[in-house]
file coords20.cif (mmCIF, C-alpha atoms)
data_coords
#
loop_
_atom_site.label_atom_id
_atom_site.label_comp_id
_atom_site.auth_asym_id
_atom_site.auth_seq_id
_atom_site.Cartn_x
_atom_site.Cartn_y
_atom_site.Cartn_z
CA MET G 144 144.60 32.27 230.74
CA GLY G 145 145.38 30.82 234.17
CA LEU G 146 142.86 29.07 236.40
CA GLY G 147 142.30 32.20 238.48
CA GLY G 148 141.73 34.34 235.41
CA TYR G 149 139.42 31.73 233.93
CA LEU G 150 137.33 31.61 237.12
CA ILE G 151 137.06 35.40 237.15
CA TYR G 152 136.01 35.32 233.50
CA ILE G 153 133.29 32.72 234.17
CA ALA G 154 132.12 34.68 237.21
CA LEU G 155 131.77 37.84 235.12
CA LEU G 156 129.77 35.97 232.49
CA MET G 157 127.37 34.90 235.21
CA ILE G 158 127.28 38.16 237.17
CA ILE G 159 126.63 40.55 234.25
CA PRO G 160 123.32 38.97 233.13
CA ILE G 161 122.15 38.50 236.72
CA TRP G 162 122.95 42.14 237.53
CA ALA G 163 121.12 43.34 234.40
CA GLN G 164 118.03 41.25 235.19
CA SER G 165 118.05 42.47 238.78
CA ARG G 166 118.27 46.08 237.63
CA VAL G 167 115.35 45.62 235.24
CA LYS G 168 113.14 43.99 237.89
CA SER G 169 113.91 46.57 240.58
CA THR G 170 113.27 49.45 238.17
CA TYR G 171 110.04 47.85 236.96
CA ILE G 172 108.79 47.27 240.52
CA LYS G 173 109.64 50.85 241.50
CA TYR G 174 107.91 52.52 238.55
CA SER G 175 104.98 50.12 238.45
CA LYS G 176 103.89 51.89 241.63
CA LYS G 177 103.98 55.35 240.03
CA PRO G 178 100.89 56.19 237.97
CA THR G 179 101.04 58.39 234.89
CA SER G 180 99.04 61.60 234.66
CA SER G 181 96.87 60.03 231.94
CA ALA G 182 96.06 56.99 234.16
CA MET G 183 95.81 54.80 231.05
CA THR G 184 96.43 51.04 231.20
CA GLY G 185 99.24 49.52 229.18
CA ALA G 186 96.69 48.03 226.80
CA GLU G 187 95.03 51.42 226.31
CA VAL G 188 98.40 53.07 225.69
CA ALA G 189 99.31 50.45 223.10
CA ARG G 190 95.96 50.75 221.33
CA LYS G 191 96.11 54.55 221.28
CA ILE G 192 99.60 54.67 219.77
CA LEU G 193 98.82 51.90 217.29
CA ASP G 194 95.70 53.70 216.07
CA GLU G 195 97.48 57.04 215.82
CA ASN G 196 100.01 55.36 213.52
CA GLY G 197 97.38 53.66 211.39
CA LEU G 198 98.16 50.18 212.72
CA TYR G 199 94.55 49.13 213.14
CA ASP G 200 95.32 45.55 212.09
CA VAL G 201 97.73 44.96 214.99
CA ARG G 202 95.99 43.20 217.86
CA ILE G 203 96.81 43.35 221.57
CA GLY G 204 96.82 40.20 223.65
CA GLN G 205 97.83 39.04 227.10
CA THR G 206 100.63 36.70 228.03
CA LYS G 207 101.55 35.12 231.35
CA GLY G 208 104.70 35.85 233.28
CA MET G 209 106.49 38.98 234.44
CA LEU G 210 107.95 41.17 231.68
CA SER G 211 107.19 38.56 229.03
CA ASP G 212 105.99 41.29 226.69
CA HIS G 213 106.82 40.99 222.99
CA TYR G 214 105.65 41.81 219.49
CA ASP G 215 104.97 38.97 217.06
CA PRO G 216 105.50 40.31 213.51
CA ARG G 217 104.10 37.16 211.91
CA LYS G 218 100.73 37.35 213.65
CA LYS G 219 100.73 41.15 214.03
CA VAL G 220 100.08 40.84 217.75
CA ILE G 221 101.49 42.76 220.70
CA ASN G 222 101.49 40.42 223.68
CA LEU G 223 101.54 42.22 227.00
CA SER G 224 102.09 40.53 230.36
CA GLU G 225 99.17 40.85 232.76
CA GLY G 226 100.87 43.49 234.90
CA ILE G 227 101.60 45.65 231.87
CA TYR G 228 98.24 45.04 230.20
CA HIS G 229 96.18 46.16 233.20
CA GLY G 230 98.71 48.44 234.90
CA ARG G 231 98.28 52.23 234.90
CA SER G 232 101.87 53.06 235.78
CA MET G 233 104.91 54.61 234.14
CA ALA G 234 106.37 51.13 233.78
CA SER G 235 103.24 49.82 232.06
CA SER G 236 103.11 52.74 229.65
CA ALA G 237 106.84 52.51 228.84
CA VAL G 238 106.84 48.78 228.17
CA ALA G 239 103.62 48.88 226.13
CA ALA G 240 104.91 51.77 224.04
CA HIS G 241 108.21 49.95 223.49
CA GLU G 242 106.42 46.96 222.01
CA VAL G 243 104.38 49.27 219.80
CA GLY G 244 107.72 50.69 218.70
CA HIS G 245 108.50 47.27 217.24
CA ALA G 246 105.16 47.25 215.41
CA ILE G 247 106.00 50.64 213.91
CA GLN G 248 109.40 49.32 212.88
CA ASP G 249 107.64 46.44 211.16
CA GLN G 250 105.26 48.81 209.39
CA GLN G 251 108.15 50.97 208.15
CA GLU G 252 110.30 47.95 207.26
CA TYR G 253 113.10 49.00 209.59
CA ALA G 254 116.28 47.45 208.19
CA PHE G 255 117.69 46.03 211.42
CA LEU G 256 114.35 44.44 212.34
CA ARG G 257 114.23 42.77 208.92
CA LEU G 258 117.81 41.58 209.35
CA ARG G 259 117.11 40.21 212.83
CA SER G 260 114.04 38.34 211.60
CA ALA G 261 116.07 36.83 208.77
CA LEU G 262 118.75 35.73 211.23
CA VAL G 263 116.35 33.90 213.58
CA PRO G 264 116.53 30.41 211.98
CA ILE G 265 120.28 30.70 211.39
CA ALA G 266 120.92 31.95 214.92
CA ASN G 267 118.78 29.20 216.47
CA PHE G 268 120.60 26.53 214.50
CA GLY G 269 123.98 28.04 215.29
CA SER G 270 123.36 28.35 219.02
CA ASN G 271 122.08 24.75 219.24
CA ILE G 272 124.90 23.07 217.35
CA SER G 273 127.94 25.31 217.88
CA PHE G 274 128.74 24.07 221.40
CA PHE G 275 128.94 20.45 220.17
CA PHE G 276 131.47 21.30 217.48
CA ILE G 277 133.50 23.58 219.75
CA MET G 278 133.77 21.07 222.59
CA ALA G 279 134.57 18.24 220.20
CA GLY G 280 137.20 20.37 218.53
CA ILE G 281 138.83 21.25 221.86
CA PHE G 282 138.75 17.77 223.41
CA PHE G 283 139.90 15.94 220.27
CA SER G 284 142.27 18.71 219.12
CA MET G 285 140.43 19.02 215.81
CA THR G 286 140.99 22.63 214.74
CA ASN G 287 138.69 22.39 211.72
CA MET G 288 135.79 21.25 213.89
CA LEU G 289 136.55 24.01 216.37
CA LEU G 290 136.53 26.56 213.56
CA LEU G 291 133.20 25.24 212.30
CA GLY G 292 131.74 25.62 215.77
CA ILE G 293 133.01 29.19 215.95
CA ILE G 294 131.36 29.98 212.61
CA PHE G 295 128.04 28.59 213.85
CA MET G 296 128.38 30.54 217.09
CA SER G 297 129.11 33.72 215.13
CA ALA G 298 125.60 33.57 213.65
CA ALA G 299 124.07 33.52 217.13
CA VAL G 300 126.35 36.35 218.27
CA LEU G 301 125.46 38.42 215.22
CA PHE G 302 121.80 38.04 216.17
CA GLN G 303 122.54 39.41 219.66
CA VAL G 304 124.46 42.36 218.23
CA VAL G 305 121.79 43.20 215.64
CA THR G 306 119.19 43.10 218.41
CA LEU G 307 120.78 46.15 220.08
CA PRO G 308 119.86 48.80 217.47
CA VAL G 309 116.40 47.21 217.14
CA GLU G 310 115.72 47.58 220.86
CA PHE G 311 117.24 51.03 221.26
CA ASP G 312 115.31 52.31 218.26
CA ALA G 313 112.05 50.86 219.64
CA SER G 314 112.66 52.66 222.94
CA SER G 315 113.37 55.92 221.13
CA ARG G 316 110.14 55.57 219.17
CA ALA G 317 108.32 54.76 222.41
CA MET G 318 109.41 57.99 224.09
CA THR G 319 108.43 60.06 221.06
CA GLN G 320 105.00 58.43 220.88
CA LEU G 321 104.32 58.67 224.61
CA VAL G 322 104.98 62.41 224.59
CA SER G 323 103.26 63.25 221.29
CA SER G 324 100.16 61.24 222.19
CA GLY G 325 99.87 62.90 225.60
CA VAL G 326 100.20 59.67 227.59
CA ILE G 327 102.94 61.25 229.71
CA ARG G 328 103.80 64.86 230.48
CA ASN G 329 107.20 66.51 230.18
CA ASN G 330 107.91 66.08 233.88
CA GLU G 331 107.36 62.33 233.52
CA GLU G 332 109.83 61.79 230.68
CA ARG G 333 112.88 61.33 232.88
CA GLU G 334 111.38 58.53 234.95
CA THR G 335 109.90 56.83 231.90
CA LYS G 336 113.33 56.82 230.25
CA LYS G 337 114.73 55.06 233.30
CA VAL G 338 112.35 52.14 232.68
CA LEU G 339 113.32 51.91 229.01
CA ASN G 340 117.05 52.23 229.74
CA ALA G 341 116.91 49.51 232.39
CA ALA G 342 115.19 47.15 229.96
CA ALA G 343 117.91 47.82 227.38
CA LEU G 344 120.54 46.61 229.86
CA THR G 345 119.44 43.00 229.42
CA TYR G 346 120.15 43.16 225.69
CA VAL G 347 123.48 44.91 226.21
CA ALA G 348 124.48 42.30 228.80
CA ALA G 349 123.46 39.43 226.52
CA ALA G 350 125.45 40.90 223.63
CA LEU G 351 128.55 41.46 225.80
CA VAL G 352 128.47 37.90 227.11
CA ALA G 353 127.97 36.48 223.62
CA VAL G 354 130.84 38.50 222.13
CA ALA G 355 133.14 37.63 225.05
CA GLU G 356 132.41 33.91 224.66
CA LEU G 357 133.04 34.07 220.93
CA LEU G 358 136.34 35.90 221.40
CA ARG G 359 137.46 33.31 223.95
CA PHE G 360 136.95 30.46 221.51
CA VAL G 361 138.59 32.44 218.71
CA LEU G 362 141.67 32.86 220.92
CA ILE G 363 141.63 29.14 221.71
CA TYR G 364 141.47 28.40 217.99
CA LEU G 365 144.34 30.74 217.21
CA SER G 366 146.52 29.30 219.97
CA SER G 367 145.82 25.77 218.73
CA ARG G 368 147.30 26.66 215.35
CA GLU G 369 150.60 27.92 216.77
#
call {"tool": "encode", "arguments": {"input": "coords20.cif", "output": "structure tokens"}}
result
Amino acid sequence: MGLGGYLIYIALLMIIPIWAQSRVKSTYIKYSKKPTSSAMTGAEVARKILDENGLYDVRIGQTKGMLSDHYDPRKKVINLSEGIYHGRSMASSAVAAHEVGHAIQDQQEYAFLRLRSALVPIANFGSNISFFFIMAGIFFSMTNMLLLGIIFMSAAVLFQVVTLPVEFDASSRAMTQLVSSGVIRNNEERETKKVLNAAALTYVAAALVAVAELLRFVLIYLSSRE
């Protein structure tokens, strides 16, 4: 790869995540101004869906930051950002229901969620140490060290890839629950899906960047053996 091609490649790796984040924020801001017909807060939506699925032991808490919402399977807590927790919008309902989707996955022992949880320590270790081995392997022309770095990086990339079905499934469950529980009406489904689809872009972008980086180092490794 020439210098020009390399610069384009680096630019794409930077642009894709930024574009995805920008899309998520703009969609969230737009639909956080559109109330649902039920006028329920994100916290109320989460509690309603949890109770309807028998998840009475799952608590709902608040977390600081914008779109910092997440489900903690260890503590059985759905943490909603302040805007989602108190908001009565389509965005609030969609995000809250998505996190409940993860709680339902946990309850039903969804295979990909279990796999992702098992990969967390391996992926964290791999992402922290892989760059050291890869750079050392490249600079000192040590193919074995480069290969070791690629193996460590593969664990982190696998985590990103496994995250995709987990997130898409949670969004699918969210839509089903929002409709069946009466939080949104049929004419609100399309706009709610836009919120969920925009959020999924961040995970798709992260996976694409991770896979592209891994492939680049694999090609470097292969060329070093010629």
call {"tool": "residues_around", "arguments": {"input": "coords20.cif", "residues": "Pro264 in chain G", "least_positions_apart": "6", "cutoff": "12 Å", "atoms": "only C-alpha atoms", "output": "JSON, numbers by chain"}}
result
{"G": [258, 270, 271, 295, 298, 299, 302]}
call {"tool": "closest_residue", "arguments": {"input": "coords20.cif", "among": "G:Leu155, G:Met209, G:Val309, G:Leu193", "to": "Glu252 in chain G", "atoms": "all atoms listed in the file"}}
result
G:Val309
call {"tool": "resolve_selection", "arguments": {"input": "coords20.cif", "expression": "the PyMOL selection byres ((chain G and resi 201-204) around 8)", "output": "PyMOL selection string"}}
result
chain G and resi 186+189-190+193+198-200+205-206+219-223+246
call {"tool": "resolve_selection", "arguments": {"input": "coords20.cif", "expression": "the PyMOL selection byres ((chain G and resi 343) around 10)", "output": "list in words"}}
result
Ala163, Val167, Leu307, Glu310, Phe311, Ser314, Lys337, Val338, Leu339, Asn340, Ala341, Ala342, Leu344, Thr345, Tyr346, Val347 and Ala348 of chain G
call {"tool": "closest_residue", "arguments": {"input": "coords20.cif", "among": "G:Thr179, G:Asn287, G:Thr306, G:Ser260", "to": "Glu332 in chain G", "atoms": "only C-alpha atoms"}}
result
G:Thr179
call {"tool": "resolve_selection", "arguments": {"input": "coords20.cif", "expression": "the PyMOL selection byres ((chain G and resi 276-284) around 9)", "output": "list in words"}}
result
Ile272, Ser273, Phe274, Phe275, Met285, Thr286, Asn287, Met288, Leu289, Leu290, Leu291, Gly292, Ile293, Phe295, Phe360, Ile363, Tyr364 and Ser367 of chain G
call {"tool": "atom_distance", "arguments": {"input": "coords20.cif", "atom1": "CA of Val305 in chain G", "atom2": "CA of Ala254 in chain G"}}
result
10.2 Å
call {"tool": "axis_aligned_box", "arguments": {"input": "coords20.cif", "around": "range 163-168 of chain G", "padding_each_side": "4 Å", "output": "JSON"}}
result
{"center_x": 117.1, "center_y": 43.7, "center_z": 236.6, "size_x": 16.0, "size_y": 12.8, "size_z": 12.4}
call {"tool": "atom_distance", "arguments": {"input": "coords20.cif", "atom1": "CA of Ala237 in chain G", "atom2": "CA of Lys218 in chain G"}}
result
22.3 Å
call {"tool": "atom_distance", "arguments": {"input": "coords20.cif", "atom1": "CA of Leu358 in chain G", "atom2": "CA of Ala266 in chain G"}}
result
17.2 Å
call {"tool": "residues_around", "arguments": {"input": "coords20.cif", "residues": "Val322 in chain G", "least_positions_apart": "2", "cutoff": "12 Å", "atoms": "only C-alpha atoms", "output": "list of chain:residue names"}}
result
G:Thr179, G:Ser180, G:Ser181, G:Val188, G:Ile192, G:Ser236, G:Ala237, G:Ala240, G:Ser315, G:Arg316, G:Ala317, G:Met318, G:Thr319, G:Gln320, G:Ser324, G:Gly325, G:Val326, G:Ile327, G:Arg328, G:Asn329, G:Asn330, G:Glu331, G:Glu332, G:Arg333, G:Thr335, G:Lys336
call {"tool": "closest_residue", "arguments": {"input": "coords20.cif", "among": "G:Pro308, G:Pro160, G:Pro216, G:Pro178", "to": "Val243 in chain G", "atoms": "only C-alpha atoms"}}
result
G:Pro216
call {"tool": "decode", "arguments": {"input": "coords20.cif", "residues": "range 165-262 of chain G", "atoms": "C-alpha atoms", "output": "mmCIF file, in the first residue's frame"}}
result
data_model
loop_
_atom_site.group_PDB
_atom_site.id
_atom_site.type_symbol
_atom_site.label_atom_id
_atom_site.label_comp_id
_atom_site.auth_asym_id
_atom_site.auth_seq_id
_atom_site.Cartn_x
_atom_site.Cartn_y
_atom_site.Cartn_z
ATOM 1 C CA SER G 165 -22.728 11.912 14.661
ATOM 2 C CA ARG G 166 -25.655 9.992 13.169
ATOM 3 C CA VAL G 167 -26.579 8.550 16.553
ATOM 4 C CA LYS G 168 -26.472 11.937 18.299
ATOM 5 C CA SER G 169 -28.467 13.748 15.608
ATOM 6 C CA THR G 170 -31.114 11.014 15.569
ATOM 7 C CA TYR G 171 -31.308 10.999 19.362
ATOM 8 C CA ILE G 172 -31.655 14.787 19.534
ATOM 9 C CA LYS G 173 -34.370 14.745 16.858
ATOM 10 C CA TYR G 174 -36.496 12.025 18.452
ATOM 11 C CA SER G 175 -35.908 13.157 22.019
ATOM 12 C CA LYS G 176 -38.192 16.051 21.091
ATOM 13 C CA LYS G 177 -41.010 13.774 19.916
ATOM 14 C CA PRO G 178 -43.176 12.399 22.737
ATOM 15 C CA THR G 179 -44.792 8.986 22.575
ATOM 16 C CA SER G 180 -48.551 8.575 22.809
ATOM 17 C CA SER G 181 -48.133 6.867 26.196
ATOM 18 C CA ALA G 182 -46.069 9.806 27.565
ATOM 19 C CA MET G 183 -44.114 7.398 29.778
ATOM 20 C CA THR G 184 -40.584 8.187 30.967
ATOM 21 C CA GLY G 185 -37.721 5.915 29.984
ATOM 22 C CA ALA G 186 -37.586 4.598 33.542
ATOM 23 C CA GLU G 187 -41.310 3.824 33.501
ATOM 24 C CA VAL G 188 -40.974 2.055 30.145
ATOM 25 C CA ALA G 189 -38.099 -0.052 31.428
ATOM 26 C CA ARG G 190 -39.943 -0.977 34.625
ATOM 27 C CA LYS G 191 -43.130 -1.865 32.752
ATOM 28 C CA ILE G 192 -41.374 -4.178 30.287
ATOM 29 C CA LEU G 193 -39.233 -5.745 33.009
ATOM 30 C CA ASP G 194 -42.283 -6.519 35.144
ATOM 31 C CA GLU G 195 -44.234 -7.900 32.198
ATOM 32 C CA ASN G 196 -41.363 -10.339 31.620
ATOM 33 C CA GLY G 197 -41.105 -11.347 35.262
ATOM 34 C CA LEU G 198 -37.796 -9.539 35.804
ATOM 35 C CA TYR G 199 -38.752 -8.036 39.142
ATOM 36 C CA ASP G 200 -35.215 -8.451 40.500
ATOM 37 C CA VAL G 201 -33.670 -6.169 37.861
ATOM 38 C CA ARG G 202 -33.218 -2.656 39.210
ATOM 39 C CA ILE G 203 -33.165 0.623 37.281
ATOM 40 C CA GLY G 204 -30.585 3.255 38.076
ATOM 41 C CA GLN G 205 -29.294 6.527 36.683
ATOM 42 C CA THR G 206 -25.920 7.218 35.154
ATOM 43 C CA LYS G 207 -24.304 10.469 34.079
ATOM 44 C CA GLY G 208 -23.464 11.374 30.514
ATOM 45 C CA MET G 209 -25.313 11.366 27.219
ATOM 46 C CA LEU G 210 -26.282 7.931 25.866
ATOM 47 C CA SER G 211 -24.261 6.164 28.549
ATOM 48 C CA ASP G 212 -27.071 3.662 29.018
ATOM 49 C CA HIS G 213 -26.152 0.023 29.651
ATOM 50 C CA TYR G 214 -27.231 -3.177 31.354
ATOM 51 C CA ASP G 215 -24.981 -4.704 33.999
ATOM 52 C CA PRO G 216 -25.649 -8.480 34.072
ATOM 53 C CA ARG G 217 -23.540 -8.976 37.197
ATOM 54 C CA LYS G 218 -25.524 -6.547 39.339
ATOM 55 C CA LYS G 219 -28.810 -7.002 37.457
ATOM 56 C CA VAL G 220 -29.113 -3.256 36.954
ATOM 57 C CA ILE G 221 -30.231 -1.221 33.959
ATOM 58 C CA ASN G 222 -28.405 2.102 34.099
ATOM 59 C CA LEU G 223 -30.145 4.848 32.167
ATOM 60 C CA SER G 224 -28.626 8.248 31.434
ATOM 61 C CA GLU G 225 -30.526 11.165 32.937
ATOM 62 C CA GLY G 226 -32.066 12.212 29.621
ATOM 63 C CA ILE G 227 -33.369 8.706 28.974
ATOM 64 C CA TYR G 228 -34.439 8.079 32.575
ATOM 65 C CA HIS G 229 -36.640 11.181 32.802
ATOM 66 C CA GLY G 230 -37.425 11.680 29.107
ATOM 67 C CA ARG G 231 -40.895 10.983 27.707
ATOM 68 C CA SER G 232 -39.848 10.765 24.078
ATOM 69 C CA MET G 233 -39.537 8.140 21.362
ATOM 70 C CA ALA G 234 -35.784 8.186 21.883
ATOM 71 C CA SER G 235 -36.133 7.592 25.626
ATOM 72 C CA SER G 236 -38.557 4.727 25.141
ATOM 73 C CA ALA G 237 -36.420 3.099 22.425
ATOM 74 C CA VAL G 238 -33.167 3.261 24.375
ATOM 75 C CA ALA G 239 -34.762 2.097 27.629
ATOM 76 C CA ALA G 240 -36.460 -0.819 25.888
ATOM 77 C CA HIS G 241 -33.186 -1.748 24.176
ATOM 78 C CA GLU G 242 -31.431 -2.076 27.525
ATOM 79 C CA VAL G 243 -34.316 -4.158 28.836
ATOM 80 C CA GLY G 244 -33.766 -6.317 25.763
ATOM 81 C CA HIS G 245 -30.342 -7.167 27.172
ATOM 82 C CA ALA G 246 -31.900 -8.075 30.521
ATOM 83 C CA ILE G 247 -34.299 -10.419 28.735
ATOM 84 C CA GLN G 248 -31.367 -11.943 26.860
ATOM 85 C CA ASP G 249 -29.674 -12.527 30.198
ATOM 86 C CA GLN G 250 -32.809 -14.126 31.628
ATOM 87 C CA GLN G 251 -33.126 -16.462 28.635
ATOM 88 C CA GLU G 252 -29.387 -17.188 28.538
ATOM 89 C CA TYR G 253 -29.021 -15.891 24.998
ATOM 90 C CA ALA G 254 -25.983 -17.661 23.529
ATOM 91 C CA PHE G 255 -24.248 -14.647 22.001
ATOM 92 C CA LEU G 256 -24.638 -12.622 25.206
ATOM 93 C CA ARG G 257 -23.048 -15.468 27.168
ATOM 94 C CA LEU G 258 -20.233 -15.683 24.626
ATOM 95 C CA ARG G 259 -19.626 -11.933 24.733
ATOM 96 C CA SER G 260 -19.505 -11.946 28.527
ATOM 97 C CA ALA G 261 -16.991 -14.795 28.452
ATOM 98 C CA LEU G 262 -14.849 -12.886 25.960
#
